[in-house]
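The file structure-v3.txt comes next; it holds compact mmCIF, C-alpha atoms.
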# COMPACT_ATOMS: atom_id res chain seq x y z
CA MET K 1359 -127.87 6.34 308.13
CA ASN K 1360 -125.52 9.33 307.94
CA SER K 1361 -122.76 9.39 305.38
CA THR K 1362 -119.56 11.40 305.74
CA SER K 1363 -117.20 13.34 303.53
CA GLU K 1364 -113.96 15.10 304.23
CA ALA K 1365 -113.41 18.83 303.89
CA VAL K 1366 -110.41 20.96 304.73
CA ALA K 1367 -110.54 24.17 306.73
CA HIS K 1368 -109.77 27.38 304.86
CA GLY K 1369 -106.01 27.79 304.66
CA SER K 1370 -105.61 31.50 303.87
CA LEU K 1371 -106.38 32.81 307.37
CA LYS K 1372 -102.74 33.22 308.32
CA CYS K 1373 -101.38 36.21 310.21
CA ASN K 1374 -98.97 38.35 308.19
CA GLY K 1375 -96.85 38.79 311.30
CA CYS K 1376 -96.54 35.39 313.00
CA GLY K 1377 -98.42 32.97 310.78
CA ALA K 1378 -101.05 32.07 313.41
CA VAL K 1379 -104.71 31.61 312.49
CA LEU K 1380 -106.71 34.85 312.32
CA HIS K 1381 -110.17 35.59 313.68
CA TYR K 1382 -112.67 38.04 312.27
CA VAL K 1383 -113.38 40.94 314.64
CA PRO K 1384 -117.16 41.63 314.66
CA GLY K 1385 -118.02 45.26 314.07
CA THR K 1386 -114.93 45.83 311.89
CA ARG K 1387 -113.50 44.91 308.51
CA GLU K 1388 -110.46 43.29 310.05
CA LEU K 1389 -109.01 39.94 311.04
CA GLN K 1390 -106.97 39.86 314.24
CA CYS K 1391 -104.27 37.54 315.50
CA ALA K 1392 -104.93 36.16 318.98
CA TYR K 1393 -101.18 35.67 319.55
CA CYS K 1394 -99.33 38.75 318.34
CA GLY K 1395 -102.34 41.08 318.19
CA GLU K 1396 -101.65 42.23 314.65
CA SER K 1397 -104.67 43.37 312.62
CA ASN K 1398 -105.03 42.27 309.03
CA PRO K 1399 -107.58 44.21 306.94
CA ILE K 1400 -110.06 42.25 304.85
CA ILE K 1401 -109.37 43.42 301.32
CA SER K 1402 -111.58 41.80 298.72
CA ALA K 1403 -109.86 40.27 295.72
CA VAL K 1404 -113.07 40.90 293.76
CA PRO K 1405 -113.72 44.54 292.75
CA HIS K 1406 -116.80 45.83 294.56
CA THR K 1407 -119.73 46.14 292.21
CA ALA K 1408 -123.36 47.04 292.65
CA ILE K 1409 -125.40 44.45 294.57
CA THR K 1410 -127.39 42.51 291.99
CA ALA K 1411 -129.77 39.58 292.18
CA ILE K 1412 -129.51 36.39 290.13
CA GLU K 1413 -132.15 35.38 287.57
CA TYR K 1414 -134.35 32.97 289.49
CA THR K 1415 -135.07 30.20 286.98
CA SER K 1416 -131.44 29.65 286.01
CA PHE K 1417 -130.39 29.76 289.68
CA LEU K 1418 -133.00 27.18 290.69
CA LYS K 1419 -131.97 24.91 287.82
CA ALA K 1420 -128.32 25.11 288.90
CA VAL K 1421 -129.26 24.35 292.53
CA ASN K 1422 -131.40 21.36 291.61
CA GLU K 1423 -128.59 19.90 289.52
CA LEU K 1424 -126.19 19.86 292.48
CA PRO K 1425 -125.71 16.54 294.26
CA GLN K 1426 -127.32 16.10 297.64
CA ALA K 1427 -125.00 17.04 300.49
CA THR K 1428 -123.95 14.49 303.07
CA ASP K 1429 -125.30 14.77 306.59
CA ILE K 1430 -121.87 15.01 308.22
CA LYS K 1431 -118.67 16.69 307.04
CA ILE K 1432 -115.28 15.85 308.56
CA VAL K 1433 -113.21 19.03 308.70
CA LYS K 1434 -109.45 18.82 309.18
CA CYS K 1435 -107.92 21.67 311.19
CA SER K 1436 -104.96 23.28 309.46
CA SER K 1437 -103.49 24.35 312.82
CA CYS K 1438 -103.37 21.15 314.88
CA GLY K 1439 -104.35 18.54 312.31
CA SER K 1440 -107.31 17.21 314.32
CA GLU K 1441 -110.66 16.43 312.72
CA THR K 1442 -114.04 17.91 313.69
CA ASN K 1443 -117.48 16.73 312.59
CA PHE K 1444 -119.80 19.35 311.09
CA SER K 1445 -123.50 18.71 310.60
CA GLY K 1446 -125.02 19.10 307.15
CA ASN K 1447 -126.11 22.72 307.58
CA GLU K 1448 -122.98 24.09 309.28
CA ALA K 1449 -120.50 26.12 307.26
CA ALA K 1450 -118.16 27.48 309.95
CA GLY K 1451 -117.21 26.87 313.55
CA LYS K 1452 -114.23 26.19 315.80
CA CYS K 1453 -111.84 23.29 316.20
CA GLY K 1454 -112.80 21.20 319.22
CA PHE K 1455 -109.15 20.71 320.15
CA CYS K 1456 -107.34 24.02 319.63
CA ALA K 1457 -110.30 26.44 319.12
CA SER K 1458 -108.91 27.57 315.74
CA PRO K 1459 -111.55 28.80 313.29
CA LEU K 1460 -112.81 26.24 310.80
CA ILE K 1461 -114.46 27.20 307.54
CA ILE K 1462 -115.74 24.60 305.11
CA GLN K 1463 -114.94 25.16 301.45
CA LEU K 1464 -118.36 25.69 299.88
CA GLY K 1465 -119.56 24.97 296.40
CA LYS K 1466 -119.33 21.17 296.05
CA GLY K 1467 -122.76 19.97 297.19
CA TYR K 1468 -126.43 20.83 297.41
CA HIS K 1469 -126.33 22.30 300.91
CA SER K 1470 -122.83 23.68 300.38
CA LEU K 1471 -123.88 26.23 297.78
CA LYS K 1472 -121.75 29.32 298.14
CA PRO K 1473 -123.74 32.44 299.17
CA HIS K 1474 -123.77 35.45 296.87
CA TYR K 1475 -123.40 38.07 299.61
CA ILE K 1476 -122.66 38.43 303.30
CA LEU K 1477 -123.62 41.16 305.76
CA PRO K 1478 -120.71 41.57 308.23
CA PHE K 1479 -121.40 42.08 311.93
CA ARG K 1480 -122.02 45.75 312.74
CA LEU K 1481 -122.30 45.16 316.51
CA ASN K 1482 -119.57 43.45 318.48
CA GLU K 1483 -120.30 41.15 321.40
CA GLN K 1484 -120.12 43.92 324.03
CA GLU K 1485 -122.49 46.17 322.09
CA ALA K 1486 -124.94 43.32 321.53
CA GLY K 1487 -124.79 42.49 325.24
CA GLN K 1488 -125.64 46.08 326.11
CA LYS K 1489 -128.60 46.01 323.69
CA PHE K 1490 -129.80 42.88 325.47
CA ARG K 1491 -129.48 44.44 328.95
CA ASP K 1492 -131.28 47.59 327.78
CA TRP K 1493 -134.05 45.40 326.39
CA LEU K 1494 -134.36 43.58 329.71
CA ALA K 1495 -134.45 46.82 331.67
CA ASP K 1496 -137.35 48.13 329.53
CA LEU K 1497 -139.55 45.05 329.93
CA TRP K 1498 -142.90 45.59 331.61
CA PHE K 1499 -143.72 43.30 334.53
CA ALA K 1500 -140.20 41.82 334.61
CA PRO K 1501 -138.66 40.82 337.96
CA ASN K 1502 -136.60 43.62 339.52
CA ASP K 1503 -133.40 41.58 339.64
CA ILE K 1504 -133.56 40.17 336.13
CA VAL K 1505 -130.82 42.36 334.63
CA LYS K 1506 -128.39 41.39 337.38
CA GLU K 1507 -129.25 37.70 337.17
CA ALA K 1508 -129.13 37.55 333.37
CA LYS K 1509 -125.86 39.48 333.14
CA ALA K 1510 -124.16 36.91 335.34
CA ASN K 1511 -124.89 33.93 333.09
CA VAL K 1512 -125.03 35.21 329.50
CA SER K 1513 -122.44 34.34 326.86
CA LEU K 1514 -123.21 35.46 323.32
CA LYS K 1515 -122.48 33.39 320.23
CA GLY K 1516 -122.07 35.02 316.83
CA ILE K 1517 -123.62 33.17 313.91
CA TYR K 1518 -124.40 33.87 310.27
CA LEU K 1519 -127.86 32.64 309.28
CA PRO K 1520 -128.86 31.94 305.66
CA TYR K 1521 -131.62 33.96 303.98
CA TRP K 1522 -133.12 34.22 300.52
CA THR K 1523 -134.07 37.62 299.14
CA TYR K 1524 -136.44 37.92 296.18
CA ASP K 1525 -137.01 40.64 293.61
CA CYS K 1526 -139.89 40.63 291.14
CA ASN K 1527 -142.56 42.62 289.34
CA THR K 1528 -146.15 41.45 289.74
CA VAL K 1529 -149.13 41.93 287.47
CA SER K 1530 -152.45 41.21 289.20
CA GLN K 1531 -155.89 41.05 287.60
CA TYR K 1532 -158.73 41.34 290.08
CA THR K 1533 -162.50 41.42 290.45
CA GLY K 1534 -164.40 42.99 293.31
CA GLU K 1535 -166.78 45.74 294.34
CA ARG K 1536 -166.47 49.39 295.28
CA GLY K 1537 -168.62 50.63 298.14
CA GLU K 1538 -169.71 54.27 298.26
CA TYR K 1539 -171.43 55.79 301.27
CA TYR K 1540 -174.68 57.72 301.14
CA TYR K 1541 -176.83 59.05 303.98
CA THR K 1542 -180.54 59.24 304.75
CA LYS K 1543 -182.40 60.94 307.58
CA GLU K 1544 -184.55 59.01 310.03
CA SER K 1545 -186.66 60.01 313.00
CA TYR K 1546 -186.36 58.57 316.48
CA THR K 1547 -187.71 59.39 319.93
CA VAL K 1548 -185.96 60.01 323.23
CA THR K 1549 -187.20 60.78 326.73
CA VAL K 1550 -185.81 63.92 328.35
CA ASN K 1551 -186.89 64.90 331.87
CA GLY K 1552 -189.90 62.62 331.55
CA LYS K 1553 -190.96 64.09 328.21
CA THR K 1554 -190.84 62.34 324.82
CA GLU K 1555 -189.04 64.20 322.05
CA THR K 1556 -188.74 63.40 318.35
CA ARG K 1557 -185.36 63.92 316.79
CA THR K 1558 -183.70 63.19 313.43
CA ARG K 1559 -180.31 61.70 312.60
CA GLU K 1560 -178.31 60.71 309.54
CA VAL K 1561 -177.90 57.01 308.85
CA ARG K 1562 -175.03 55.77 306.69
CA HIS K 1563 -175.65 53.22 303.92
CA THR K 1564 -173.33 51.65 301.34
CA ARG K 1565 -174.09 51.39 297.63
CA TRP K 1566 -171.98 48.72 295.87
CA TYR K 1567 -170.64 48.81 292.29
CA SER K 1568 -168.78 46.12 290.36
CA ALA K 1569 -165.05 46.70 289.97
CA SER K 1570 -162.25 44.97 288.07
CA GLY K 1571 -158.82 45.92 286.82
CA THR K 1572 -155.08 45.29 286.82
CA VAL K 1573 -152.46 46.50 289.30
CA TYR K 1574 -148.68 46.44 289.07
CA CYS K 1575 -146.29 46.11 292.01
CA ASP K 1576 -142.50 46.09 292.25
CA PHE K 1577 -140.72 44.15 294.99
CA GLU K 1578 -137.09 44.26 296.05
CA ASP K 1579 -135.32 42.26 298.76
CA VAL K 1580 -138.31 40.36 300.12
CA THR K 1581 -136.30 38.58 302.82
CA ILE K 1582 -137.15 35.00 303.78
CA PRO K 1583 -135.22 32.90 306.36
CA ALA K 1584 -133.58 29.76 304.98
CA SER K 1585 -132.75 28.44 308.46
CA LYS K 1586 -134.70 26.30 310.92
CA SER K 1587 -132.29 26.72 313.84
CA LEU K 1588 -134.30 29.48 315.52
CA PRO K 1589 -138.09 29.63 315.99
CA ALA K 1590 -139.88 30.91 312.90
CA GLU K 1591 -141.37 33.84 314.83
CA THR K 1592 -137.88 34.88 315.98
CA LEU K 1593 -136.47 34.77 312.45
CA GLU K 1594 -139.40 36.82 311.22
CA ALA K 1595 -139.09 39.36 314.05
CA LEU K 1596 -135.40 39.95 313.28
CA ASN K 1597 -136.57 41.82 310.17
CA PRO K 1598 -136.00 44.34 308.73
CA TRP K 1599 -132.33 44.14 307.77
CA ASP K 1600 -130.16 47.04 306.65
CA PHE K 1601 -128.45 45.86 303.45
CA ALA K 1602 -126.37 49.02 303.04
CA ASP K 1603 -123.19 47.14 304.11
CA LEU K 1604 -123.85 44.00 302.08
CA GLN K 1605 -120.58 42.56 300.74
CA ILE K 1606 -119.69 40.01 298.10
CA TYR K 1607 -119.36 36.72 299.95
CA ASP K 1608 -115.94 36.44 301.61
CA GLU K 1609 -115.39 33.51 303.95
CA ARG K 1610 -112.88 35.49 306.00
CA TYR K 1611 -115.89 37.15 307.68
CA LEU K 1612 -116.76 33.70 309.05
CA SER K 1613 -113.45 33.08 310.81
CA GLY K 1614 -114.01 32.40 314.50
CA LEU K 1615 -117.80 32.52 314.18
CA SER K 1616 -120.47 29.98 313.32
CA ALA K 1617 -122.38 29.88 310.05
CA GLU K 1618 -125.10 27.78 308.48
CA THR K 1619 -126.00 26.81 304.95
CA PHE K 1620 -129.62 26.87 303.84
CA GLN K 1621 -132.14 24.38 305.18
CA ILE K 1622 -135.16 25.74 303.29
CA LYS K 1623 -135.05 25.34 299.52
CA PRO K 1624 -135.25 28.45 297.32
CA ASP K 1625 -138.55 27.36 295.71
CA ASP K 1626 -140.10 26.88 299.18
CA GLY K 1627 -138.72 30.28 300.13
CA LEU K 1628 -140.40 31.79 297.08
CA GLU K 1629 -143.79 30.50 298.20
CA ALA K 1630 -143.24 32.19 301.58
CA ALA K 1631 -142.19 35.38 299.76
CA LYS K 1632 -145.42 35.33 297.74
CA ILE K 1633 -147.41 35.34 300.98
CA VAL K 1634 -145.46 38.43 302.09
CA MET K 1635 -146.08 40.10 298.73
CA ASP K 1636 -149.82 39.39 298.91
CA SER K 1637 -150.45 42.03 301.58
CA THR K 1638 -148.91 44.72 299.35
CA ILE K 1639 -150.81 43.46 296.31
CA GLU K 1640 -154.12 43.53 298.21
CA SER K 1641 -153.44 47.10 299.35
CA ALA K 1642 -152.74 48.10 295.74
CA ILE K 1643 -156.01 46.48 294.63
CA ARG K 1644 -158.01 48.31 297.31
CA ASN K 1645 -156.42 51.61 296.27
CA ASP K 1646 -157.28 50.87 292.64
CA ILE K 1647 -160.90 50.00 293.46
CA GLY K 1648 -161.25 53.22 295.42
CA GLY K 1649 -164.48 54.32 297.07
CA ASP K 1650 -165.19 54.21 300.77
CA GLU K 1651 -165.09 50.42 301.13
CA GLN K 1652 -163.77 47.61 298.98
CA ARG K 1653 -164.58 43.96 298.48
CA ILE K 1654 -162.05 41.74 296.72
CA PHE K 1655 -163.58 38.63 295.19
CA GLY K 1656 -160.35 37.27 293.74
CA TYR K 1657 -157.15 38.05 291.88
CA GLN K 1658 -154.51 36.25 289.85
CA ASN K 1659 -150.84 37.16 290.02
CA GLN K 1660 -148.11 36.94 287.45
CA TYR K 1661 -144.56 37.05 288.83
CA LEU K 1662 -142.23 38.61 286.29
CA ASN K 1663 -138.48 39.24 286.29
CA LEU K 1664 -137.96 36.96 289.30
CA ALA K 1665 -134.50 37.23 290.82
CA ILE K 1666 -132.89 35.88 293.97
CA LYS K 1667 -129.92 36.45 296.28
CA TYR K 1668 -128.49 33.94 298.73
CA VAL K 1669 -127.14 35.92 301.69
CA LEU K 1670 -125.69 35.30 305.13
CA LEU K 1671 -126.94 37.67 307.84
CA PRO K 1672 -125.36 38.21 311.29
CA VAL K 1673 -127.05 37.34 314.57
CA TRP K 1674 -125.89 37.13 318.18
CA VAL K 1675 -127.68 34.29 319.96
CA SER K 1676 -127.70 33.19 323.57
CA ALA K 1677 -129.85 32.15 326.50
CA TYR K 1678 -130.04 33.12 330.16
CA THR K 1679 -131.44 31.41 333.21
CA TYR K 1680 -133.80 32.91 335.73
CA ASP K 1681 -135.55 31.02 338.52
CA ARG K 1682 -134.12 27.77 337.10
CA LYS K 1683 -135.76 28.38 333.70
CA VAL K 1684 -133.97 28.97 330.39
CA PHE K 1685 -134.93 31.91 328.16
CA GLN K 1686 -133.49 32.22 324.64
CA PHE K 1687 -132.88 35.51 322.87
CA SER K 1688 -131.32 36.81 319.65
CA VAL K 1689 -129.85 40.17 318.64
CA ASN K 1690 -129.85 41.42 315.06
CA ALA K 1691 -126.13 42.21 314.73
CA CYS K 1692 -126.88 44.86 312.12
CA THR K 1693 -129.78 46.87 313.62
CA GLY K 1694 -129.53 45.89 317.30
CA GLU K 1695 -133.12 44.60 317.43
CA VAL K 1696 -133.55 42.17 320.35
CA ILE K 1697 -135.99 39.27 320.13
CA GLY K 1698 -136.37 36.91 323.05
CA LYS K 1699 -138.31 35.14 325.73
CA ARG K 1700 -138.70 36.74 329.14
CA PRO K 1701 -139.97 35.94 332.64
CA TYR K 1702 -142.83 37.79 334.32
CA SER K 1703 -143.12 38.97 337.90
CA ALA K 1704 -146.29 37.52 339.42
CA ILE K 1705 -146.23 40.15 342.18
CA LYS K 1706 -146.09 43.01 339.67
CA ILE K 1707 -148.91 41.54 337.61
CA ILE K 1708 -151.10 41.08 340.72
CA LEU K 1709 -150.41 44.64 341.85
CA ALA K 1710 -151.20 45.95 338.35
CA VAL K 1711 -154.51 44.04 338.33
CA ILE K 1712 -155.40 45.41 341.77
CA LEU K 1713 -154.49 48.93 340.67
CA GLY K 1714 -156.59 48.51 337.53
CA LEU K 1715 -159.58 47.36 339.59
CA ILE K 1716 -159.17 50.36 341.89
CA VAL K 1717 -159.10 52.72 338.89
CA VAL K 1718 -162.22 51.07 337.38
CA ALA K 1719 -164.03 51.26 340.74
CA ALA K 1720 -163.08 54.94 341.09
CA ILE K 1721 -164.44 55.69 337.61
CA ILE K 1722 -167.71 53.88 338.37
CA LEU K 1723 -168.11 55.76 341.66
CA PHE K 1724 -167.39 59.06 339.95
CA ILE K 1725 -169.97 58.37 337.22
CA ALA K 1726 -172.52 57.37 339.90
CA TYR K 1727 -171.76 60.56 341.85
CA VAL K 1728 -172.20 62.77 338.76
CA LYS K 1729 -175.45 61.00 337.89
CA ALA K 1730 -176.75 61.47 341.44
CA GLN K 1731 -175.83 65.15 341.37
CA ASN K 1732 -177.68 65.62 338.08
CA GLU K 1733 -180.76 63.86 339.43
CA MET K 1734 -180.69 66.07 342.54
CA ARG K 1735 -180.53 69.21 340.40
CA GLU K 1736 -183.39 67.96 338.22
CA THR K 1737 -185.46 67.21 341.34
CA GLU K 1738 -184.76 70.65 342.80
CA ALA K 1739 -185.72 72.27 339.50
CA ALA K 1740 -188.97 70.29 339.41
CA LEU K 1741 -189.82 71.27 343.01
CA GLN K 1742 -189.13 74.92 342.25
CA SER K 1743 -191.46 74.72 339.23
CA ILE K 1744 -194.22 73.20 341.43
CA GLY K 1745 -193.70 75.96 343.99
CA MET K 1746 -194.03 78.67 341.34
CA LEU K 1747 -197.28 77.09 340.10
CA CYS K 1748 -198.71 77.06 343.65
CA LEU K 1749 -197.92 80.72 344.05
Entire entry expressed as structure tokens:
Amino acid sequence: MNSTSEAVAHGSLKCNGCGAVLHYVPGTRELQCAYCGESNPIISAVPHTAITAIEYTSFLKAVNELPQATDIKIVKCSSCGSETNFSGNEAAGKCGFCASPLIIQLGKGYHSLKPHYILPFRLNEQEAGQKFRDWLADLWFAPNDIVKEAKANVSLKGIYLPYWTYDCNTVSQYTGERGEYYYTKESYTVTVNGKTETRTREVRHTRWYSASGTVYCDFEDVTIPASKSLPAETLEALNPWDFADLQIYDERYLSGLSAETFQIKPDDGLEAAKIVMDSTIESAIRNDIGGDEQRIFGYQNQYLNLAIKYVLLPVWVSAYTYDRKVFQFSVNACTGEVIGKRPYSAIKIILAVILGLIVVAAIILFIAYVKAQNEMRETEAALQSIGMLCL
């Protein structure tokens, strides 16, 4: 059974000119009034400092001490006074009656933990749409009319998705083996022009030696999605993110857009981050073992100086229809990376298969022709040798 609580939309998003509600303009550092058109710059009340992570243990303790959030929040619009229901993981949206931006005041419940930083939209809707169309146009085996069809029914939605980023230093003790190559010569026989010949070749072997040691790795901004709204493979593919424009969290960047709070707990995110770190740690171990080949029997990691950031990252999401099927896609609103589903042209695939078969057949015929030519030359040479003997 869902419980409800009441929240009030942010009340400071008022135009300096006419008092109407302001909307954030993606791709800028400004809020804009939809009525009088006046632009209001976003000036942070907090002096900008270096981006720093929070000590992990103390952060996790503070999170676990927060009360569980309710499943539904009732948000009262400051413009028209109507109430809108927000689900437990939503942090921003629009009023269902007057379309004014609604931003929930964060910081009072488990899933309403205020983010540390936010990455504002670098691409506006038009730029993201162009990235999407360029992506469609470059797809192999896509239907010829897909760009035209998709353009006609695409409407992009801007949303901030929650992520955890982890910093730490690892110390890893390992055991394994180092393989070093050595070569021996062996004899073998081949038949050339009907004659048997003995030849020699080098054969590679591996000599193994025990290895053990300790490696040290430093990690910064290992980025793990804290959302379940998009497929896991999509969230992963949106990486990497450019954190150069990361800002101290300011809810004015949410005005007129959607936003989510975290759905994956920070300790679960850390376990996912450790899996990401493992590939780097294994590479460091192999480099430390050295040799020509390496075997890793096992290793134990210590995670020191763990730190975390809770950030909101910008994404344009949408879907398009083609041949009565729906295909979702997302655009990283910072880097322009497009991740999405796509249709395939059966005709193009069939033609490509046929072309491939033709190419393979041509190669086989060419090889057969060359072989036949060589055999003819060998036969002619043999006949000439017989003729010389008869003379």
Tell me which protein, DNA and RNA residues are within 12 Å of Tyr1661 of chain K, counting all atoms listed in the file, leaving out same-chain ones fewer than 3 positions away, and put them as a list in words.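 Final neighbour list, sorted by chain and number: Tyr1414, Thr1415, Tyr1524, Asp1525, Cys1526, Asn1527, Thr1528, Val1529, Ser1530, Tyr1574, Cys1575, Asp1576, Phe1577, Leu1628, Glu1629, Ala1631, Lys1632, Met1635, Asp1636, Ile1639, Gln1658, Leu1664 and Ala1665 of chain K.
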Using C-alpha atoms, can you export the residues from the last selection as a PDB file, in the coordinates of the input?
ATOM      1  CA  TYR K1414    -134.350  32.970 289.490  1.00  0.00           C
ATOM      2  CA  THR K1415    -135.070  30.200 286.980  1.00  0.00           C
ATOM      3  CA  TYR K1524    -136.440  37.920 296.180  1.00  0.00           C
ATOM      4  CA  ASP K1525    -137.010  40.640 293.610  1.00  0.00           C
ATOM      5  CA  CYS K1526    -139.890  40.630 291.140  1.00  0.00           C
ATOM      6  CA  ASN K1527    -142.560  42.620 289.340  1.00  0.00           C
ATOM      7  CA  THR K1528    -146.150  41.450 289.740  1.00  0.00           C
ATOM      8  CA  VAL K1529    -149.130  41.930 287.470  1.00  0.00           C
ATOM      9  CA  SER K1530    -152.450  41.210 289.200  1.00  0.00           C
ATOM     10  CA  TYR K1574    -148.680  46.440 289.070  1.00  0.00           C
ATOM     11  CA  CYS K1575    -146.290  46.110 292.010  1.00  0.00           C
ATOM     12  CA  ASP K1576    -142.500  46.090 292.250  1.00  0.00           C
ATOM     13  CA  PHE K1577    -140.720  44.150 294.990  1.00  0.00           C
ATOM     14  CA  LEU K1628    -140.400  31.790 297.080  1.00  0.00           C
ATOM     15  CA  GLU K1629    -143.790  30.500 298.200  1.00  0.00           C
ATOM     16  CA  ALA K1631    -142.190  35.380 299.760  1.00  0.00           C
ATOM     17  CA  LYS K1632    -145.420  35.330 297.740  1.00  0.00           C
ATOM     18  CA  MET K1635    -146.080  40.100 298.730  1.00  0.00           C
ATOM     19  CA  ASP K1636    -149.820  39.390 298.910  1.00  0.00           C
ATOM     20  CA  ILE K1639    -150.810  43.460 296.310  1.00  0.00           C
ATOM     21  CA  GLN K1658    -154.510  36.250 289.850  1.00  0.00           C
ATOM     22  CA  LEU K1664    -137.960  36.960 289.300  1.00  0.00           C
ATOM     23  CA  ALA K1665    -134.500  37.230 290.820  1.00  0.00           C
TER      24      ALA K1665
END
Rounded to one decimal place, report the atom CA of Gly1487 of chain K-atom CA of Ser1613 of chain K distance in Å.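 Pair atom CA of Gly1487 of chain K / atom CA of Ser1613 of chain K returns 20.6 Å.
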Counting only C-alpha atoms, what are the residues of segment 1618-1687 of chain K within 6 Å of segment 1472-1479 of chain K, and for each of them which pair of atoms is the nearest and at what distance in Å, to one decimal? Sort the table by chain and rising number, as JSON lines.
{"residue": "K:Tyr1668", "atom": "CA", "partner": "K:Pro1473", "partner_atom": "CA", "distance": 5.0}
{"residue": "K:Val1669", "atom": "CA", "partner": "K:Tyr1475", "partner_atom": "CA", "distance": 4.8}
{"residue": "K:Leu1670", "atom": "CA", "partner": "K:Ile1476", "partner_atom": "CA", "distance": 4.7}
{"residue": "K:Leu1671", "atom": "CA", "partner": "K:Leu1477", "partner_atom": "CA", "distance": 5.2}
{"residue": "K:Pro1672", "atom": "CA", "partner": "K:Phe1479", "partner_atom": "CA", "distance": 5.6}
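Interatomic distance, atom CA of Ala1642 of chain K to atom CA of Val1573 of chain K: 6.6 Å.
One finds atom CA of Pro1399 of chain K at 9.0 Å from atom CA of Thr1386 of chain K.
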From the set K:Thr1533, K:Gln1731, K:Asn1374, K:Thr1410, which residue has the shortest atom-to-atom contact distance to Glu1578 of chain K, counting only C-alpha atoms?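 Of K:Thr1533, K:Gln1731, K:Asn1374, K:Thr1410, the one nearest Glu1578 of chain K, counting only C-alpha atoms, is K:Thr1410.
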Neighbour residues at most 10 Å from (-175.5, 58.2, 298.1) (all atoms listed in the file) as a PyMOL selection string: chain K and resi 1538-1542+1562-1565
